[in-house]
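Reproduced below: structure_21.cif, with mmCIF, C-alpha atoms.
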```cif
data_protein
loop_
_atom_site.group_PDB
_atom_site.id
_atom_site.type_symbol
_atom_site.label_atom_id
_atom_site.label_comp_id
_atom_site.auth_asym_id
_atom_site.auth_seq_id
_atom_site.Cartn_x
_atom_site.Cartn_y
_atom_site.Cartn_z
ATOM 1 C CA MET A 152 18.711 -62.492 -24.973
ATOM 2 C CA LYS A 153 19.249 -60.559 -28.168
ATOM 3 C CA ILE A 154 21.406 -57.479 -27.682
ATOM 4 C CA LEU A 155 22.306 -54.634 -30.046
ATOM 5 C CA ASP A 156 25.395 -52.491 -29.494
ATOM 6 C CA ILE A 157 25.099 -49.397 -31.689
ATOM 7 C CA GLY A 158 28.301 -47.622 -32.602
ATOM 8 C CA CYS A 159 30.188 -50.500 -30.996
ATOM 9 C CA GLY A 160 33.563 -49.841 -32.620
ATOM 10 C CA TYR A 161 36.246 -52.263 -31.399
ATOM 11 C CA GLY A 162 34.561 -52.693 -28.000
ATOM 12 C CA LYS A 163 31.366 -54.618 -28.717
ATOM 13 C CA HIS A 164 29.496 -55.497 -25.525
ATOM 14 C CA LYS A 165 30.180 -58.956 -24.117
ATOM 15 C CA THR A 166 28.000 -61.098 -21.872
ATOM 16 C CA ASN A 167 28.685 -64.098 -19.652
ATOM 17 C CA ASN A 168 25.797 -66.065 -21.124
ATOM 18 C CA PRO A 169 26.829 -68.075 -24.206
ATOM 19 C CA LYS A 170 23.178 -68.150 -25.347
ATOM 20 C CA ASP A 171 23.072 -64.354 -25.694
ATOM 21 C CA ILE A 172 23.317 -62.966 -29.214
ATOM 22 C CA VAL A 173 25.198 -59.663 -29.393
ATOM 23 C CA ILE A 174 25.105 -57.736 -32.659
ATOM 24 C CA GLY A 175 27.490 -54.847 -33.199
ATOM 25 C CA ILE A 176 26.514 -52.123 -35.645
ATOM 26 C CA ASP A 177 28.820 -49.309 -36.740
ATOM 27 C CA ARG A 178 29.583 -47.291 -39.845
ATOM 28 C CA VAL A 179 33.036 -48.822 -40.360
ATOM 29 C CA LYS A 180 33.841 -52.518 -40.885
ATOM 30 C CA ILE A 181 36.290 -53.392 -38.123
ATOM 31 C CA PRO A 182 36.592 -56.490 -35.907
ATOM 32 C CA GLY A 183 33.462 -56.828 -33.762
ATOM 33 C CA VAL A 184 31.173 -55.016 -36.188
ATOM 34 C CA ASN A 185 28.552 -57.378 -37.587
ATOM 35 C CA ILE A 186 26.573 -54.832 -39.595
ATOM 36 C CA VAL A 187 27.983 -51.763 -41.311
ATOM 37 C CA TRP A 188 25.362 -49.028 -41.156
ATOM 38 C CA ASP A 189 25.182 -45.240 -41.029
ATOM 39 C CA LEU A 190 23.207 -44.422 -37.860
ATOM 40 C CA GLU A 191 21.854 -41.286 -39.556
ATOM 41 C CA LYS A 192 19.804 -43.623 -41.747
ATOM 42 C CA THR A 193 16.566 -44.918 -40.246
ATOM 43 C CA PRO A 194 14.884 -47.271 -40.032
ATOM 44 C CA LEU A 195 17.682 -49.462 -38.771
ATOM 45 C CA PRO A 196 17.879 -52.851 -40.533
ATOM 46 C CA PHE A 197 15.986 -54.731 -37.820
ATOM 47 C CA LYS A 198 12.447 -55.909 -37.180
ATOM 48 C CA LYS A 199 10.054 -54.372 -34.687
ATOM 49 C CA ASN A 200 10.468 -55.726 -31.119
ATOM 50 C CA GLU A 201 13.617 -57.659 -32.071
ATOM 51 C CA PHE A 202 15.942 -56.772 -29.163
ATOM 52 C CA ASP A 203 15.882 -57.221 -25.403
ATOM 53 C CA ILE A 204 18.690 -54.702 -24.837
ATOM 54 C CA VAL A 205 20.266 -51.861 -26.816
ATOM 55 C CA TYR A 206 23.552 -50.249 -25.779
ATOM 56 C CA ALA A 207 24.634 -46.810 -26.993
ATOM 57 C CA THR A 208 27.962 -46.052 -25.343
ATOM 58 C CA HIS A 209 29.431 -42.704 -26.364
ATOM 59 C CA VAL A 210 27.749 -42.717 -29.764
ATOM 60 C CA LEU A 211 24.579 -40.577 -29.585
ATOM 61 C CA GLU A 212 26.616 -37.367 -29.435
ATOM 62 C CA HIS A 213 27.936 -38.194 -32.934
ATOM 63 C CA VAL A 214 24.487 -38.559 -34.554
ATOM 64 C CA GLU A 215 22.901 -35.481 -36.137
ATOM 65 C CA LYS A 216 19.407 -36.987 -36.462
ATOM 66 C CA ILE A 217 19.301 -38.204 -32.878
ATOM 67 C CA THR A 218 15.511 -37.972 -32.570
ATOM 68 C CA ASN A 219 14.992 -40.347 -35.499
ATOM 69 C CA LEU A 220 17.536 -42.792 -34.088
ATOM 70 C CA ILE A 221 16.035 -42.839 -30.584
ATOM 71 C CA LYS A 222 12.532 -43.325 -31.987
ATOM 72 C CA ASP A 223 13.791 -46.232 -34.099
ATOM 73 C CA ILE A 224 15.608 -47.811 -31.159
ATOM 74 C CA HIS A 225 12.262 -47.776 -29.376
ATOM 75 C CA ARG A 226 10.734 -49.547 -32.403
ATOM 76 C CA ILE A 227 13.268 -52.392 -32.366
ATOM 77 C CA LEU A 228 13.174 -52.896 -28.576
ATOM 78 C CA LYS A 229 10.754 -55.430 -27.126
ATOM 79 C CA PRO A 230 8.189 -54.072 -24.648
ATOM 80 C CA GLU A 231 10.058 -53.429 -21.391
ATOM 81 C CA GLY A 232 13.357 -53.833 -23.266
ATOM 82 C CA LYS A 233 16.289 -51.916 -21.796
ATOM 83 C CA PHE A 234 18.150 -49.039 -23.439
ATOM 84 C CA PHE A 235 21.527 -48.243 -21.823
ATOM 85 C CA ILE A 236 23.098 -44.920 -22.797
ATOM 86 C CA ALA A 237 26.357 -43.208 -21.893
ATOM 87 C CA VAL A 238 27.140 -39.749 -23.300
ATOM 88 C CA PRO A 239 29.639 -37.024 -22.412
ATOM 89 C CA HIS A 240 28.342 -34.387 -20.024
ATOM 90 C CA PHE A 241 28.316 -30.846 -21.479
ATOM 91 C CA SER A 242 30.643 -29.587 -18.731
ATOM 92 C CA TRP A 243 33.460 -31.914 -19.773
ATOM 93 C CA SER A 244 35.914 -30.130 -22.046
ATOM 94 C CA PHE A 245 36.355 -33.231 -24.220
ATOM 95 C CA ALA A 246 32.703 -32.918 -25.242
ATOM 96 C CA PHE A 247 33.785 -29.819 -27.184
ATOM 97 C CA TRP A 248 37.266 -30.934 -28.261
ATOM 98 C CA ASP A 249 35.914 -33.737 -30.423
ATOM 99 C CA ILE A 250 34.730 -32.015 -33.596
ATOM 100 C CA THR A 251 32.585 -35.032 -34.510
ATOM 101 C CA HIS A 252 30.261 -34.319 -31.559
ATOM 102 C CA LYS A 253 26.982 -32.875 -32.807
ATOM 103 C CA HIS A 254 25.064 -32.801 -29.489
ATOM 104 C CA PHE A 255 25.844 -31.936 -25.896
ATOM 105 C CA PHE A 256 24.006 -33.563 -23.005
ATOM 106 C CA GLY A 257 22.766 -32.500 -19.623
ATOM 107 C CA ILE A 258 20.619 -34.297 -17.084
ATOM 108 C CA HIS A 259 17.376 -33.349 -18.873
ATOM 109 C CA SER A 260 18.474 -33.851 -22.496
ATOM 110 C CA LEU A 261 16.500 -37.077 -22.955
ATOM 111 C CA ASP A 262 13.420 -35.901 -21.008
ATOM 112 C CA PRO A 263 11.289 -35.499 -24.167
ATOM 113 C CA PHE A 264 11.479 -39.269 -24.687
ATOM 114 C CA ILE A 265 10.830 -40.234 -21.048
ATOM 115 C CA GLU A 266 7.499 -40.286 -19.223
ATOM 116 C CA ASN A 267 6.859 -37.977 -16.262
ATOM 117 C CA GLN A 268 9.995 -35.862 -16.655
ATOM 118 C CA GLU A 269 10.346 -32.135 -16.101
ATOM 119 C CA PHE A 270 10.851 -31.275 -19.774
ATOM 120 C CA SER A 271 8.989 -34.187 -21.377
ATOM 121 C CA TRP A 272 6.638 -32.248 -23.622
ATOM 122 C CA VAL A 273 8.013 -28.739 -23.964
ATOM 123 C CA GLY A 274 7.714 -28.146 -27.721
ATOM 124 C CA TYR A 275 8.272 -31.797 -28.649
ATOM 125 C CA GLU A 276 4.680 -32.707 -29.494
ATOM 126 C CA PHE A 277 5.439 -32.425 -33.224
ATOM 127 C CA PHE A 278 7.618 -35.551 -33.296
ATOM 128 C CA LEU A 279 6.388 -37.602 -30.353
ATOM 129 C CA LYS A 280 2.791 -38.591 -29.747
ATOM 130 C CA LYS A 281 3.588 -40.142 -26.360
ATOM 131 C CA PRO A 282 6.640 -40.882 -24.189
ATOM 132 C CA LEU A 283 8.732 -43.791 -25.454
ATOM 133 C CA PHE A 284 10.602 -44.793 -22.313
ATOM 134 C CA LYS A 285 10.377 -45.097 -18.559
ATOM 135 C CA LEU A 286 13.383 -43.829 -16.594
ATOM 136 C CA ILE A 287 15.057 -46.558 -14.552
ATOM 137 C CA LYS A 288 18.268 -44.726 -13.680
ATOM 138 C CA ARG A 289 20.096 -41.509 -14.533
ATOM 139 C CA ARG A 290 23.531 -40.763 -13.141
ATOM 140 C CA ILE A 291 26.063 -37.970 -13.520
ATOM 141 C CA GLN A 292 29.618 -39.327 -13.440
ATOM 142 C CA THR A 293 32.656 -37.294 -12.378
ATOM 143 C CA SER A 294 36.324 -37.974 -11.782
ATOM 144 C CA LYS A 295 37.022 -40.588 -9.124
ATOM 145 C CA TRP A 296 38.797 -37.842 -7.156
ATOM 146 C CA TRP A 297 35.551 -35.863 -6.922
ATOM 147 C CA PHE A 298 33.318 -38.619 -5.573
ATOM 148 C CA PHE A 299 31.791 -36.202 -3.036
ATOM 149 C CA ILE A 300 30.796 -33.869 -5.897
ATOM 150 C CA GLU A 301 29.311 -36.819 -7.800
ATOM 151 C CA ILE A 302 27.169 -37.693 -4.789
ATOM 152 C CA PHE A 303 25.986 -34.070 -4.562
ATOM 153 C CA ALA A 304 25.434 -33.813 -8.351
ATOM 154 C CA ASN A 305 23.206 -36.883 -8.341
ATOM 155 C CA LYS A 306 21.257 -35.828 -5.262
ATOM 156 C CA PHE A 307 20.752 -32.282 -6.615
ATOM 157 C CA PRO A 308 21.336 -32.486 -10.388
ATOM 158 C CA ASP A 309 19.606 -29.215 -11.221
ATOM 159 C CA VAL A 310 21.645 -27.303 -8.623
ATOM 160 C CA TYR A 311 24.839 -28.882 -9.976
ATOM 161 C CA GLU A 312 24.054 -28.040 -13.613
ATOM 162 C CA LYS A 313 22.672 -24.529 -12.974
ATOM 163 C CA THR A 314 25.608 -23.312 -10.873
ATOM 164 C CA GLY A 315 29.346 -22.885 -11.332
ATOM 165 C CA LEU A 316 29.935 -26.308 -9.733
ATOM 166 C CA LYS A 317 29.676 -27.915 -13.167
ATOM 167 C CA TYR A 318 32.704 -25.927 -14.339
ATOM 168 C CA MET A 319 34.729 -26.192 -11.122
ATOM 169 C CA PHE A 320 34.125 -29.965 -10.962
ATOM 170 C CA PRO A 321 33.096 -31.033 -14.471
ATOM 171 C CA ALA A 322 31.290 -34.301 -14.987
ATOM 172 C CA SER A 323 32.749 -36.675 -17.540
ATOM 173 C CA SER A 324 29.523 -38.355 -18.591
ATOM 174 C CA ILE A 325 25.889 -39.114 -17.950
ATOM 175 C CA TYR A 326 24.535 -42.638 -17.795
ATOM 176 C CA PHE A 327 20.891 -43.402 -18.562
ATOM 177 C CA GLU A 328 19.020 -46.669 -18.159
ATOM 178 C CA LEU A 329 15.632 -46.609 -19.862
ATOM 179 C CA GLU A 330 12.842 -49.145 -20.320
ATOM 180 C CA ALA A 331 10.770 -49.229 -23.504
ATOM 181 C CA LEU A 332 7.096 -48.367 -23.105
ATOM 182 C CA LYS A 333 4.623 -49.889 -25.540
#
```
Taking this structure as input, can you express it in the form of structure tokens?
Amino acid sequence: MKILDIGCGYGKHKTNNPKDIVIGIDRVKIPGVNIVWDLEKTPLPFKKNEFDIVYATHVLEHVEKITNLIKDIHRILKPEGKFFIAVPHFSWSFAFWDITHKHFFGIHSLDPFIENQEFSWVGYEFFLKKPLFKLIKRRIQTSKWWFFIEIFANKFPDVYEKTGLKYMFPASSIYFELEALK
């Protein structure tokens, strides 16, 4: 498998299969980074349908031109390729403490890119002709001490995000697993 870890920093994704190729891309040359690249600049330096998997772990919130980047990730993923995303949830105070964060995420933030979602096409027709991904999994993550809230938040995500629960028991992040549509 060919895997891309965007914004990998020092923690480039590892696999147990020695045949897997993992490429780390980041804007700073540090150990683990194979390609130095500004993620604001698209297209990314890869061919169409080149990757089986793309990881974006706590990086999308730092990218101003997030729409361009997500569209280009779709371009470089093989059909049915997987896109794994982790981003801070908007209720987590750290999401606002880090001044390099340009975007804040809720459960529906990526809906415009995903087929059959509640907010898939509300005003987004100008940059997307069709959905790019199929939703495999979406999960709100909270503190381990609030596991009962996490269960509730994932069973009723809209209730969690539209009420004061999100501030009483803030979520730390949201995890998305998407599959590329072609």
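Near region 188-201 of chain A, within 9 Å and counting all atoms listed in the file, sit A:Lys153, A:Ile154, A:Ile157, A:Gly158, A:Ile176, A:Asp177, A:Arg178, A:Val179, A:Val214, A:Glu215, A:Lys216, A:Ile217, A:Asn219, A:Leu220, A:Asp223, A:Ile224, A:His225, A:Arg226, A:Ile227, A:Leu228, A:Lys229, A:Pro230, A:Gly232; same-chain residues fewer than 4 positions away were not included.
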Computed interatomic separation between CA of Arg290 (chain A) and CA of Asn168 (chain A) (Å): 26.6 Å
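Candidate residues A:Asn185, A:Gln268, A:Ser294, A:Ser244 were compared for distance to Tyr318 (chain A), and the nearest is A:Ser244, using all atoms listed in the file.
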Chain and number of each residue from the PyMOL selection byres ((chain A and resi 256) around 12), as an NGL selection string: :A and (209-213 or 217 or 236-243 or 246-247 or 252-255 or 257-262 or 291 or 312 or 322-327)
Next, the residues of the selection above should be written as a PDB file, keeping the file's coordinate frame with C-alpha atoms.
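Just written: again.pdb:
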```pdb
ATOM      1  CA  HIS A 209      29.431 -42.704 -26.364  1.00  0.00           C
ATOM      2  CA  VAL A 210      27.749 -42.717 -29.764  1.00  0.00           C
ATOM      3  CA  LEU A 211      24.579 -40.577 -29.585  1.00  0.00           C
ATOM      4  CA  GLU A 212      26.616 -37.367 -29.435  1.00  0.00           C
ATOM      5  CA  HIS A 213      27.936 -38.194 -32.934  1.00  0.00           C
ATOM      6  CA  ILE A 217      19.301 -38.204 -32.878  1.00  0.00           C
ATOM      7  CA  ILE A 236      23.098 -44.920 -22.797  1.00  0.00           C
ATOM      8  CA  ALA A 237      26.357 -43.208 -21.893  1.00  0.00           C
ATOM      9  CA  VAL A 238      27.140 -39.749 -23.300  1.00  0.00           C
ATOM     10  CA  PRO A 239      29.639 -37.024 -22.412  1.00  0.00           C
ATOM     11  CA  HIS A 240      28.342 -34.387 -20.024  1.00  0.00           C
ATOM     12  CA  PHE A 241      28.316 -30.846 -21.479  1.00  0.00           C
ATOM     13  CA  SER A 242      30.643 -29.587 -18.731  1.00  0.00           C
ATOM     14  CA  TRP A 243      33.460 -31.914 -19.773  1.00  0.00           C
ATOM     15  CA  ALA A 246      32.703 -32.918 -25.242  1.00  0.00           C
ATOM     16  CA  PHE A 247      33.785 -29.819 -27.184  1.00  0.00           C
ATOM     17  CA  HIS A 252      30.261 -34.319 -31.559  1.00  0.00           C
ATOM     18  CA  LYS A 253      26.982 -32.875 -32.807  1.00  0.00           C
ATOM     19  CA  HIS A 254      25.064 -32.801 -29.489  1.00  0.00           C
ATOM     20  CA  PHE A 255      25.844 -31.936 -25.896  1.00  0.00           C
ATOM     21  CA  GLY A 257      22.766 -32.500 -19.623  1.00  0.00           C
ATOM     22  CA  ILE A 258      20.619 -34.297 -17.084  1.00  0.00           C
ATOM     23  CA  HIS A 259      17.376 -33.349 -18.873  1.00  0.00           C
ATOM     24  CA  SER A 260      18.474 -33.851 -22.496  1.00  0.00           C
ATOM     25  CA  LEU A 261      16.500 -37.077 -22.955  1.00  0.00           C
ATOM     26  CA  ASP A 262      13.420 -35.901 -21.008  1.00  0.00           C
ATOM     27  CA  ILE A 291      26.063 -37.970 -13.520  1.00  0.00           C
ATOM     28  CA  GLU A 312      24.054 -28.040 -13.613  1.00  0.00           C
ATOM     29  CA  ALA A 322      31.290 -34.301 -14.987  1.00  0.00           C
ATOM     30  CA  SER A 323      32.749 -36.675 -17.540  1.00  0.00           C
ATOM     31  CA  SER A 324      29.523 -38.355 -18.591  1.00  0.00           C
ATOM     32  CA  ILE A 325      25.889 -39.114 -17.950  1.00  0.00           C
ATOM     33  CA  TYR A 326      24.535 -42.638 -17.795  1.00  0.00           C
ATOM     34  CA  PHE A 327      20.891 -43.402 -18.562  1.00  0.00           C
TER      35      PHE A 327
END
```
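Separating CA of Lys170 (chain A) from CA of Val205 (chain A) is a distance of 16.6 Å.
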Evaluate the PyMOL selection byres ((chain A and resi 282) around 8) and report residues as a count of residues only: 12
What's around Phe234 (chain A) at 8 Å? Count only C-alpha atoms, leave out sequence neighbours fewer than 5 positions away in its own chain, and write the answer as a PDB file with C-alpha atoms, in the coordinates of the input.
```
ATOM      1  CA  ILE A 204      18.690 -54.702 -24.837  1.00  0.00           C
ATOM      2  CA  VAL A 205      20.266 -51.861 -26.816  1.00  0.00           C
ATOM      3  CA  TYR A 206      23.552 -50.249 -25.779  1.00  0.00           C
ATOM      4  CA  ALA A 207      24.634 -46.810 -26.993  1.00  0.00           C
ATOM      5  CA  PHE A 327      20.891 -43.402 -18.562  1.00  0.00           C
ATOM      6  CA  GLU A 328      19.020 -46.669 -18.159  1.00  0.00           C
ATOM      7  CA  LEU A 329      15.632 -46.609 -19.862  1.00  0.00           C
ATOM      8  CA  GLU A 330      12.842 -49.145 -20.320  1.00  0.00           C
ATOM      9  CA  ALA A 331      10.770 -49.229 -23.504  1.00  0.00           C
TER      10      ALA A 331
END
```
